[in-house]
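*Asks:* One file is attached below, final23.cif, containing mmCIF, C-alpha atoms and all ligand atoms.
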data_final
#
loop_
_atom_site.label_atom_id
_atom_site.label_comp_id
_atom_site.auth_asym_id
_atom_site.auth_seq_id
_atom_site.Cartn_x
_atom_site.Cartn_y
_atom_site.Cartn_z
CA MET A 1 14.88 21.43 -18.95
CA SER A 2 14.07 19.27 -15.96
CA GLU A 3 13.94 15.61 -16.91
CA THR A 4 12.18 14.36 -13.83
CA ILE A 5 8.66 13.81 -12.66
CA SER A 6 7.93 14.95 -9.10
CA VAL A 7 4.74 13.91 -7.37
CA ASP A 8 3.80 14.92 -3.84
CA LEU A 9 0.07 14.37 -3.34
CA LYS A 10 -1.98 14.19 -0.17
CA GLY A 11 -5.66 13.79 0.48
CA THR A 12 -8.45 11.66 1.87
CA LEU A 13 -10.95 9.59 -0.10
CA GLY A 14 -13.69 8.42 2.25
CA ASN A 15 -11.77 6.68 5.03
CA PHE A 16 -8.65 6.28 2.93
CA THR A 17 -5.64 8.54 3.49
CA LEU A 18 -3.20 9.07 0.65
CA ASP A 19 0.26 10.53 1.19
CA CYS A 20 2.32 9.83 -1.89
CA THR A 21 5.72 11.31 -2.74
CA PHE A 22 8.10 10.15 -5.43
CA HIS A 23 10.58 11.52 -7.95
CA ALA A 24 11.54 9.62 -11.07
CA PRO A 25 13.35 10.18 -14.35
CA LEU A 26 10.89 11.35 -17.00
CA ARG A 27 11.60 8.49 -19.36
CA GLY A 28 10.76 4.85 -19.80
CA VAL A 29 8.11 3.10 -17.74
CA ILE A 30 7.52 4.20 -14.16
CA ALA A 31 5.56 1.34 -12.59
CA LEU A 32 3.31 2.04 -9.59
CA TYR A 33 3.14 -1.35 -7.96
CA GLY A 34 1.39 -2.53 -4.84
CA PRO A 35 -1.49 -4.60 -3.49
CA SER A 36 -5.11 -3.99 -4.38
CA GLY A 37 -6.51 -0.95 -2.57
CA CYS A 38 -3.11 0.61 -1.74
CA GLY A 39 -3.97 3.79 -3.66
CA LYS A 40 -2.41 3.38 -7.11
CA THR A 41 -5.45 4.52 -9.10
CA SER A 42 -6.03 7.43 -6.74
CA VAL A 43 -2.45 8.63 -7.33
CA LEU A 44 -2.78 8.28 -11.11
CA ARG A 45 -6.08 10.15 -11.10
CA GLY A 46 -4.41 12.78 -8.91
CA ILE A 47 -1.57 13.18 -11.44
CA ALA A 48 -4.15 13.58 -14.21
CA GLY A 49 -6.13 16.13 -12.18
CA LEU A 50 -9.18 13.83 -12.15
CA ASN A 51 -8.95 13.61 -8.35
CA ARG A 52 -8.36 16.98 -6.78
CA LEU A 53 -5.66 16.22 -4.22
CA SER A 54 -3.47 18.81 -2.56
CA GLY A 55 0.22 19.01 -3.31
CA LYS A 56 2.51 19.16 -6.27
CA VAL A 57 2.75 17.51 -9.70
CA GLU A 58 5.65 18.48 -11.95
CA ILE A 59 6.24 16.79 -15.28
CA GLY A 60 9.64 17.89 -16.57
CA SER A 61 9.58 21.67 -16.80
CA GLU A 62 5.77 21.84 -16.53
CA CYS A 63 4.05 22.37 -13.21
CA TRP A 64 0.54 20.89 -13.28
CA GLN A 65 -0.27 21.84 -9.73
CA ASN A 66 1.31 23.28 -6.60
CA GLU A 67 0.22 25.31 -3.56
CA THR A 68 -0.87 28.21 -5.74
CA GLY A 69 -2.17 26.73 -8.97
CA PHE A 70 -4.10 23.82 -10.46
CA VAL A 71 -4.09 23.12 -14.20
CA PRO A 72 -7.44 21.50 -15.07
CA VAL A 73 -7.41 17.98 -16.47
CA TYR A 74 -8.28 19.01 -20.03
CA LYS A 75 -5.21 21.28 -20.14
CA ARG A 76 -2.76 18.61 -18.95
CA PRO A 77 -1.07 17.06 -22.02
CA LEU A 78 -1.52 13.42 -21.07
CA GLY A 79 -3.01 10.28 -22.53
CA TYR A 80 -4.99 8.10 -20.10
CA VAL A 81 -5.54 4.40 -20.79
CA PHE A 82 -8.03 2.65 -18.50
CA GLN A 83 -8.27 -1.00 -17.53
CA GLU A 84 -11.22 -1.45 -19.91
CA ALA A 85 -10.82 0.31 -23.26
CA SER A 86 -13.44 3.04 -23.27
CA LEU A 87 -14.02 3.55 -27.01
CA PHE A 88 -17.05 5.30 -28.48
CA PRO A 89 -19.26 2.33 -29.38
CA HIS A 90 -21.06 4.07 -32.27
CA LEU A 91 -17.84 5.20 -34.01
CA SER A 92 -15.50 3.13 -36.17
CA VAL A 93 -11.91 2.54 -35.10
CA ARG A 94 -10.80 5.27 -37.53
CA LYS A 95 -13.25 7.78 -36.07
CA ASN A 96 -12.34 6.82 -32.53
CA LEU A 97 -8.72 7.59 -33.44
CA THR A 98 -9.32 10.82 -35.37
CA PHE A 99 -11.71 12.13 -32.70
CA ALA A 100 -8.80 12.25 -30.28
CA MET A 101 -6.30 13.81 -32.66
CA ALA A 102 -4.83 16.99 -31.32
CA LYS A 103 -4.03 19.93 -33.53
CA GLY A 104 -0.36 20.75 -34.02
CA GLU A 105 2.59 18.54 -33.34
CA ASN A 106 4.84 17.80 -30.49
CA ASN A 107 8.10 16.11 -31.21
CA LEU A 108 7.31 13.04 -29.08
CA SER A 109 4.06 12.27 -30.81
CA PRO A 110 3.73 9.92 -33.73
CA THR A 111 1.44 10.66 -36.68
CA PHE A 112 -1.86 8.85 -37.42
CA ASP A 113 -0.15 6.55 -39.95
CA GLU A 114 2.71 5.80 -37.58
CA VAL A 115 0.29 4.92 -34.76
CA VAL A 116 -1.75 2.63 -37.02
CA GLU A 117 1.38 0.91 -38.31
CA PHE A 118 3.02 0.69 -34.90
CA LEU A 119 -0.02 -0.82 -33.15
CA ASN A 120 -0.80 -3.03 -36.15
CA ILE A 121 -4.42 -1.91 -36.40
CA ALA A 122 -4.64 -1.03 -40.14
CA HIS A 123 -6.86 -4.07 -40.81
CA LEU A 124 -9.25 -3.01 -38.04
CA ILE A 125 -9.65 0.58 -39.11
CA ASP A 126 -13.24 0.42 -40.41
CA ARG A 127 -14.61 -1.93 -37.76
CA ALA A 128 -16.88 -1.01 -34.87
CA PRO A 129 -15.43 -1.47 -31.35
CA HIS A 130 -17.83 -4.34 -30.55
CA ASN A 131 -16.24 -6.35 -33.38
CA LEU A 132 -12.78 -6.22 -31.80
CA SER A 133 -11.14 -8.56 -29.31
CA GLY A 134 -10.21 -7.18 -25.88
CA GLY A 135 -6.55 -6.89 -26.91
CA GLU A 136 -7.46 -5.12 -30.17
CA ARG A 137 -9.74 -2.69 -28.33
CA GLN A 138 -6.95 -1.88 -25.92
CA ARG A 139 -4.51 -1.28 -28.81
CA VAL A 140 -6.99 1.20 -30.30
CA ALA A 141 -7.36 2.87 -26.88
CA ILE A 142 -3.57 3.24 -26.71
CA GLY A 143 -3.57 4.66 -30.26
CA ARG A 144 -6.23 7.15 -29.28
CA ALA A 145 -4.22 8.24 -26.24
CA LEU A 146 -1.08 8.67 -28.39
CA LEU A 147 -2.85 10.78 -31.00
CA SER A 148 -3.82 13.41 -28.45
CA HIS A 149 -0.10 14.38 -28.53
CA PRO A 150 0.55 13.68 -24.87
CA LYS A 151 3.81 14.43 -23.07
CA ILE A 152 3.20 11.37 -20.93
CA LEU A 153 0.93 8.31 -20.95
CA LEU A 154 -0.90 7.25 -17.78
CA MET A 155 -1.97 3.62 -17.88
CA ASP A 156 -4.16 2.03 -15.22
CA GLU A 157 -3.74 -1.76 -15.40
CA PRO A 158 -4.22 -1.64 -19.18
CA ILE A 159 -3.87 -5.39 -19.69
CA SER A 160 -5.15 -6.89 -16.45
CA ALA A 161 -8.67 -7.45 -17.84
CA LEU A 162 -7.30 -9.42 -20.83
CA ASP A 163 -6.71 -13.16 -21.09
CA LYS A 164 -3.10 -14.38 -21.04
CA ARG A 165 -2.88 -14.66 -24.84
CA SER A 166 -4.02 -11.06 -25.35
CA ARG A 167 -1.72 -9.88 -22.57
CA ASP A 168 1.27 -11.53 -24.23
CA GLU A 169 0.21 -10.02 -27.54
CA ILE A 170 0.02 -6.48 -26.19
CA LEU A 171 3.17 -6.45 -24.01
CA PRO A 172 5.53 -6.07 -27.01
CA PHE A 173 3.56 -3.00 -28.10
CA LEU A 174 4.01 -1.49 -24.66
CA ILE A 175 7.75 -2.26 -24.75
CA GLY A 176 7.80 -0.64 -28.20
CA LEU A 177 6.02 2.47 -26.92
CA ARG A 178 8.71 2.82 -24.33
CA ASP A 179 11.69 2.10 -26.58
CA ARG A 180 10.70 3.08 -30.12
CA LEU A 181 8.46 6.04 -29.39
CA SER A 182 10.37 7.22 -26.27
CA MET A 183 7.05 8.03 -24.59
CA PRO A 184 7.30 8.25 -20.79
CA ILE A 185 4.62 6.07 -19.20
CA ILE A 186 3.31 5.85 -15.65
CA TYR A 187 1.97 2.33 -15.48
CA ILE A 188 -0.16 0.84 -12.71
CA THR A 189 -0.06 -2.86 -12.09
CA HIS A 190 -0.27 -5.40 -9.31
CA ASP A 191 1.38 -8.04 -11.52
CA ILE A 192 5.12 -8.53 -11.02
CA TYR A 193 5.33 -10.23 -14.44
CA GLU A 194 4.43 -6.91 -16.10
CA VAL A 195 6.81 -4.98 -13.85
CA GLU A 196 9.71 -7.26 -14.82
CA ARG A 197 9.05 -6.85 -18.53
CA LEU A 198 8.28 -3.17 -18.68
CA ALA A 199 9.47 -1.11 -15.75
CA ASP A 200 12.56 1.06 -15.66
CA THR A 201 11.59 2.81 -12.44
CA LEU A 202 9.59 1.16 -9.70
CA VAL A 203 7.43 2.99 -7.15
CA LEU A 204 6.36 0.56 -4.44
CA MET A 205 3.14 1.50 -2.67
CA ASP A 206 1.37 0.18 0.40
CA SER A 207 -1.55 1.58 2.43
CA GLY A 208 -1.63 4.94 0.63
CA LYS A 209 2.12 5.56 0.96
CA VAL A 210 5.22 5.11 -1.19
CA ILE A 211 7.49 2.67 0.63
CA ALA A 212 10.35 2.86 -1.88
CA SER A 213 11.12 4.20 -5.32
CA GLY A 214 14.11 3.91 -7.62
CA SER A 215 15.40 2.00 -10.60
CA LEU A 216 13.86 -1.48 -11.02
CA ARG A 217 17.18 -3.19 -10.40
CA GLU A 218 17.92 -1.19 -7.21
CA ILE A 219 14.52 -1.87 -5.72
CA GLU A 220 14.49 -5.56 -6.63
CA ALA A 221 17.98 -6.12 -5.21
CA ASN A 222 17.17 -4.47 -1.88
CA PRO A 223 16.79 -7.34 0.61
CA ASP A 224 14.99 -5.06 3.08
CA LEU A 225 12.01 -4.46 0.79
CA PRO A 226 8.98 -6.76 0.55
CA LEU A 227 9.72 -7.85 -3.05
CA ALA A 228 12.86 -9.67 -1.89
CA ASN A 229 10.88 -11.58 0.71
CA THR A 230 8.75 -13.51 -1.76
CA ARG A 231 9.56 -16.95 -3.15
CA GLU A 232 9.65 -15.33 -6.62
CA ALA A 233 12.28 -12.73 -5.67
CA ALA A 234 14.37 -11.90 -8.74
CA VAL A 235 16.48 -9.11 -10.21
CA ASN A 236 16.13 -7.92 -13.79
CA LEU A 237 19.27 -6.48 -15.37
CA ASP A 238 19.47 -4.57 -18.63
CA GLY A 239 22.27 -5.56 -20.96
CA TYR A 240 23.32 -5.87 -24.57
CA VAL A 241 24.02 -8.87 -26.79
CA LYS A 242 27.77 -9.37 -27.06
CA SER A 243 27.73 -12.35 -29.40
CA TYR A 244 25.60 -15.21 -30.66
CA ASN A 245 27.04 -18.62 -31.45
CA GLU A 246 24.92 -20.45 -33.99
CA HIS A 247 26.74 -23.75 -33.40
CA THR A 248 25.94 -23.88 -29.70
CA GLY A 249 22.70 -21.82 -29.86
CA LEU A 250 23.99 -19.69 -26.99
CA VAL A 251 23.93 -15.93 -26.63
CA GLU A 252 26.30 -13.84 -24.52
CA VAL A 253 24.76 -10.76 -22.89
CA ASP A 254 26.92 -8.11 -21.22
CA VAL A 255 25.67 -6.49 -18.02
CA PRO A 256 27.75 -4.30 -15.65
CA GLY A 257 30.38 -6.57 -14.09
CA GLY A 258 29.85 -9.70 -16.16
CA THR A 259 28.64 -11.60 -19.19
CA PHE A 260 25.74 -14.05 -19.02
CA ILE A 261 25.26 -17.01 -21.32
CA ALA A 262 21.85 -18.43 -22.20
CA PRO A 263 20.23 -20.56 -24.87
CA SER A 264 18.39 -18.40 -27.37
CA ALA A 265 17.12 -17.98 -30.89
CA PRO A 266 19.59 -15.96 -32.99
CA LEU A 267 20.10 -12.39 -31.77
CA VAL A 268 22.06 -9.54 -33.30
CA ARG A 269 25.05 -8.02 -31.56
CA GLY A 270 24.16 -4.85 -29.64
CA LYS A 271 20.49 -5.76 -29.13
CA LYS A 272 19.09 -4.62 -25.80
CA MET A 273 18.05 -7.55 -23.61
CA ARG A 274 16.81 -7.87 -20.08
CA ILE A 275 18.07 -10.75 -17.94
CA ARG A 276 16.03 -12.14 -15.08
CA ILE A 277 17.96 -13.82 -12.27
CA ALA A 278 15.82 -15.53 -9.65
CA ALA A 279 17.28 -15.56 -6.12
CA ASN A 280 16.44 -19.26 -5.83
CA ASP A 281 18.61 -20.05 -8.89
CA VAL A 282 21.82 -18.54 -7.52
CA SER A 283 24.14 -20.70 -5.44
CA LEU A 284 27.51 -19.74 -3.99
CA ALA A 285 30.92 -21.44 -3.86
CA VAL A 286 34.08 -20.31 -2.09
CA GLU A 287 36.33 -21.79 -4.79
CA LYS A 288 35.89 -21.73 -8.54
CA PRO A 289 33.96 -24.83 -9.56
CA LEU A 290 36.10 -26.49 -12.24
CA LYS A 291 33.64 -28.79 -13.96
CA SER A 292 29.98 -27.93 -13.98
CA SER A 293 27.07 -28.09 -16.38
CA ILE A 294 26.05 -24.65 -15.17
CA LEU A 295 26.82 -22.08 -17.87
CA ASN A 296 27.07 -19.03 -15.66
CA VAL A 297 29.80 -19.23 -13.05
CA MET A 298 31.03 -15.77 -12.13
CA PRO A 299 32.99 -13.99 -9.42
CA ALA A 300 31.01 -11.75 -7.10
CA ARG A 301 31.26 -10.09 -3.71
CA ILE A 302 28.85 -10.59 -0.82
CA LEU A 303 27.46 -7.19 0.14
CA THR A 304 24.88 -7.99 2.78
CA MET A 305 23.08 -10.96 4.34
CA ARG A 306 19.58 -10.96 5.81
CA GLU A 307 18.07 -13.84 7.71
CA GLN A 308 14.79 -15.08 6.28
CA GLY A 309 12.92 -17.08 8.84
CA TYR A 310 15.02 -19.57 10.74
CA PHE A 311 16.34 -21.79 7.97
CA GLU A 312 17.15 -19.43 5.09
CA VAL A 313 19.26 -16.37 4.33
CA LEU A 314 19.02 -13.82 1.54
CA VAL A 315 22.36 -12.61 0.22
CA LYS A 316 22.90 -9.45 -1.82
CA LEU A 317 25.80 -9.79 -4.25
CA GLU A 318 27.77 -7.54 -6.53
CA LEU A 319 28.84 -9.06 -9.83
CA GLY A 320 32.53 -9.00 -10.84
CA ASP A 321 35.52 -7.86 -8.89
CA ASN A 322 35.88 -4.16 -9.71
CA GLY A 323 33.19 -2.88 -7.34
CA LYS A 324 31.02 -1.55 -10.14
CA GLY A 325 29.01 -4.62 -11.05
CA ALA A 326 25.27 -5.21 -11.05
CA HIS A 327 23.56 -6.24 -7.82
CA PHE A 328 21.50 -9.41 -7.49
CA LEU A 329 20.22 -11.82 -4.84
CA SER A 330 20.80 -15.38 -3.77
CA ARG A 331 18.63 -17.38 -1.38
CA LEU A 332 20.56 -20.02 0.56
CA THR A 333 19.93 -22.27 3.49
CA ARG A 334 21.34 -20.99 6.74
CA HIS A 335 23.15 -24.33 6.91
CA SER A 336 25.08 -23.57 3.66
CA TRP A 337 25.89 -20.04 4.84
CA GLN A 338 27.42 -21.42 8.02
CA ILE A 339 29.16 -24.50 6.63
CA LEU A 340 30.90 -22.50 3.87
CA GLY A 341 31.96 -19.83 6.36
CA LEU A 342 30.36 -17.10 4.23
CA ARG A 343 30.41 -13.52 5.47
CA GLU A 344 29.67 -10.00 4.28
CA GLY A 345 32.53 -8.53 2.19
CA MET A 346 33.76 -11.97 1.06
CA ASP A 347 34.62 -12.72 -2.59
CA VAL A 348 32.86 -15.83 -3.86
CA TYR A 349 31.83 -17.58 -7.05
CA THR A 350 28.19 -17.53 -8.03
CA GLN A 351 26.63 -20.36 -9.99
CA ILE A 352 23.47 -19.26 -11.71
CA LYS A 353 21.38 -22.21 -12.71
CA GLY A 354 19.12 -20.51 -15.20
CA VAL A 355 18.62 -17.00 -16.52
CA ALA A 356 15.54 -15.88 -18.41
CA LEU A 357 16.02 -13.54 -21.35
CA ILE A 358 13.40 -10.86 -21.83
CA ASP A 359 13.37 -9.37 -25.28
CA GLN A 360 13.47 -5.58 -25.51
CA GLN A 361 12.34 -3.82 -28.65
CA GLU A 362 15.21 -1.45 -29.15
CA GLY A 363 18.36 -2.37 -31.05
N1 LIG B 401 -13.95 8.42 -4.33
C1 LIG B 401 -13.67 7.61 -3.31
N2 LIG B 401 -14.40 7.66 -2.17
C2 LIG B 401 -14.10 6.87 -1.12
N3 LIG B 401 -13.09 5.99 -1.12
C3 LIG B 401 -12.35 5.88 -2.22
C4 LIG B 401 -12.58 6.68 -3.39
N4 LIG B 401 -11.67 6.35 -4.33
C5 LIG B 401 -10.90 5.39 -3.79
N5 LIG B 401 -11.30 5.11 -2.53
C6 LIG B 401 -10.66 4.13 -1.63
O1 LIG B 401 -9.29 4.40 -1.62
C7 LIG B 401 -8.55 3.19 -1.52
C8 LIG B 401 -7.53 3.12 -2.64
O2 LIG B 401 -8.20 2.88 -3.87
P1 LIG B 401 -7.43 2.79 -5.24
O3 LIG B 401 -8.42 2.45 -6.29
O4 LIG B 401 -6.64 4.03 -5.43
O5 LIG B 401 -6.44 1.57 -4.98
P2 LIG B 401 -5.63 0.67 -6.03
O6 LIG B 401 -4.31 0.42 -5.42
O7 LIG B 401 -5.66 1.32 -7.37
O8 LIG B 401 -6.50 -0.65 -6.05
P3 LIG B 401 -6.74 -1.74 -7.23
O9 LIG B 401 -5.40 -2.32 -7.56
O10 LIG B 401 -7.67 -2.72 -6.59
O11 LIG B 401 -7.37 -0.98 -8.37
C9 LIG B 401 -9.54 2.06 -1.53
O12 LIG B 401 -9.77 1.68 -0.20
C10 LIG B 401 -10.78 2.70 -2.12
O13 LIG B 401 -11.95 2.07 -1.64
#
For this file, produce the structure as structure tokens.
Ligand SMILES: Nc1ncnc2c1ncn2[C@@H]1O[C@H](COP(=O)(O)OP(=O)(O)OP(=O)(O)O)[C@@H](O)[C@H]1O
*Replies:*
Amino acid sequence: MSETISVDLKGTLGNFTLDCTFHAPLRGVIALYGPSGCGKTSVLRGIAGLNRLSGKVEIGSECWQNETGFVPVYKRPLGYVFQEASLFPHLSVRKNLTFAMAKGENNLSPTFDEVVEFLNIAHLIDRAPHNLSGGERQRVAIGRALLSHPKILLMDEPISALDKRSRDEILPFLIGLRDRLSMPIIYITHDIYEVERLADTLVLMDSGKVIASGSLREIEANPDLPLANTREAAVNLDGYVKSYNEHTGLVEVDVPGGTFIAPSAPLVRGKKMRIRIAANDVSLAVEKPLKSSILNVMPARILTMREQGYFEVLVKLELGDNGKGAHFLSRLTRHSWQILGLREGMDVYTQIKGVALIDQQEG
């Protein structure tokens, strides 16, 4: 069975031209990310069959449309979650959920009780939608989408209309959907914070086109893409807890090519964690710094350098010395690059001033 999603959709909407092609593994969160008006919603609606665009949509072994056929929206096994939860106002939470329940089972889909427990909505079950907070309404909307036994969830900025507190409350549920329920999700956002927490695959869009797609870490570490050219440029690496030291309060997290150390609450060995390394927090040294308060000092190789304006350079690095390590970025002054005699292919030491740990549900 094919484990990929292939999208190749073309069309015009008013004056807007869409020409969107990407392929991605059919697992985890595939984030469609790009500025407002670049065509994200149009693509998602095209995948659902809500917008009739020409081209191909294949979800694993199922073909939803191609040159010769078009499966109508109601026959596509998908759950759609909109920016604003669209619940039936006259029905209780329970009835909103049961209304959507599909007959039969598919092995990805959780049961009613599992959905209620997972989304922590048991205490809301007899309420009317207008008595719920925005975050609670959105959790019910996600529950409703899950109970239709979808093969995939399509989410259009599901938390962007919520306040920060509700957003932070709902993000762990979305991480849980991805990790605990193994439900593939195509997720639209224009917020890099959500991308960093949720995405496994990133599809970058601009002006109706896909400008790059691939794993989150590959796309973030590519100095030629627009993400790397922002002040917030960072790379998120997935790793596992190697050890936790309760005397120092420090956790060690293994990623390909190295082990990062960071202060943390206690964590169990083997837990999946994501590590965020901001380009601005990575400095380089040609010799191993012997005494430093910086916890993470690691060997790495310079892969490429790109000039950024006149005074700065962006350096792509590979962690470790076996050629198989994770890639990440460092932003330096051009002055430092020159004075240290740095060059592509050179082995250096990286000093990483701070790493952020992003909790992942699994493990
Ligand atoms: N039915 C339509 N008729 C005419 N123009 C449309 C239609 N649907 C979308 N558009 C236009 O297509 C462009 C892309 O819109 P779309 O909603 O897909 O972008 P988006 O990236 O999802 O934006 P946002 O992040 O602001 O929601 C916009 O210029 C929009 O005005």
*Asks:* Please, what is the axis-aligned box for every listed atom of range 244-262 of chain A with 3 Å on each side, as centre and edge lengths in Å to one decimal, as AutoDock Vina command-line options?
*Replies:*
--center_x 26.1 --center_y -14.1 --center_z -24.0 --size_x 14.5 --size_y 25.6 --size_z 25.9
*Asks:* Can you pull out the residues contacting range 34-39 of chain A? Cut-off 6 Å, using only C-alpha atoms, and skip same-chain residues under 2 positions away; I want them as a list in words.
*Replies:*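 Using only C-alpha atoms, the neighbours found are Thr41, Ser42, His190, Leu204, Met205, Asp206, Ser207 and Gly208 of chain A.
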*Asks:* Figure out the distance between CA of His335 in chain A and CA of Gly354 in chain A, please, to one decimal in Å.
*Replies:*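 So the two atoms, CA of Gly354 in chain A and CA of His335 in chain A, lie 22.8 Å apart.
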*Asks:* Have a look at A:Arg144, A:Lys291, A:Arg197, A:Arg301 and name the one nearest to Asn236 in chain A; count only C-alpha atoms.
*Replies:*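 Looking at the shortest contact to Asn236 in chain A, the residue is A:Arg197.
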*Asks:* Nearest residue to Val286 in chain A out of A:Leu342, A:Ile175, A:Cys20, A:Ile142, using only C-alpha atoms?
*Replies:*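 For Val286 in chain A, the nearest of the candidates is A:Leu342.
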*Asks:* Neighbouring residues of Val253 in chain A were defined as those with any atom within 7 Å, considering only C-alpha atoms; residues of the same chain fewer than 2 positions away were excluded. Please report them as a list in words.
*Replies:*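 Close residues of Val253 in chain A: Gly239, Tyr240, Val241, Lys242, Val251, Val255, Thr259, Phe260 and Ile261 of chain A.
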*Asks:* Report the distance between CA of Val348 in chain A and CA of Phe328 in chain A in Å, rounded to one decimal place.
*Replies:*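 So the two atoms, CA of Val348 in chain A and CA of Phe328 in chain A, lie 13.5 Å apart.
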*Asks:* I'd like the neighbourhood of Arg276 in chain A as a PyMOL selection string, where a residue qualifies if any of its atoms comes within 9 Å (using all atoms listed in the file), though same-chain residues fewer than 3 positions away should be ignored.
*Replies:* chain A and resi 196+234-237+354-358
*Asks:* Would you mind telling me which residue in A:Glu84, A:Asp163, A:Glu318, A:Asp191 lies nearest to Gln138 in chain A when using only C-alpha atoms?
*Replies:* A:Glu84
*Asks:* Which residues, written as an NGL selection string, have at least one atom at most 7 Å from Asn280 in chain A, with only C-alpha atoms counted and residues fewer than 2 positions away on the same chain left out?
*Replies:* :A and (278 or 282 or 330-331)
*Asks:* As a PyMOL selection string, please: the residues near Ala100 in chain A (cut-off 9 Å, all atoms listed in the file, same-chain neighbours under 4 positions excluded).
*Replies:* chain A and resi 95-96+144-148
*Asks:* Around the point (28.4, -11.7, -16.1), in the coordinates given by the file, pick out the residues reaching within 9 Å, counting only C-alpha atoms, and return them as a PyMOL selection string.
*Replies:* chain A and resi 252-261+296-299+319-320+325-326
*Asks:* Please check which residues have atoms at most 12 Å from (-8.7, 16.9, -1.6) in the file's coordinates, counting only C-alpha atoms, and write them as a list of chain:residue names.
*Replies:*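 The distance filter leaves exactly A:Leu9, A:Lys10, A:Gly11, A:Thr12, A:Leu13, A:Gly14, A:Phe16, A:Thr17, A:Leu18, A:Asp19, A:Ser42, A:Val43, A:Arg45, A:Gly46, A:Gly49, A:Leu50, A:Asn51, A:Arg52, A:Leu53, A:Ser54, A:Gly55.
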*Asks:* So, counting all atoms listed in the file, which residue among A:Ile188, A:Cys63, A:Leu174, A:Ala85 is closest to Val140 in chain A?
*Replies:* A:Ala85
*Asks:* Compare A:Glu157, A:Asp224, A:Glu307, A:Asp238 by their minimum atom-to-atom distance to Ile186 in chain A, counting only C-alpha atoms, and give me the closest one.
*Replies:* A:Glu157
*Asks:* Using Å and a single decimal, report how far CA of Gly143 in chain A sits from CA of Ile185 in chain A.
*Replies:*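 According to the coordinates, CA of Ile185 in chain A and CA of Gly143 in chain A are separated by 13.8 Å.
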*Asks:* Between A:Leu171, A:Phe99, A:Leu177, A:Thr189, which is the closest to ligand LIG 401 (chain B) once you count all atoms listed in the file?
*Replies:* A:Thr189
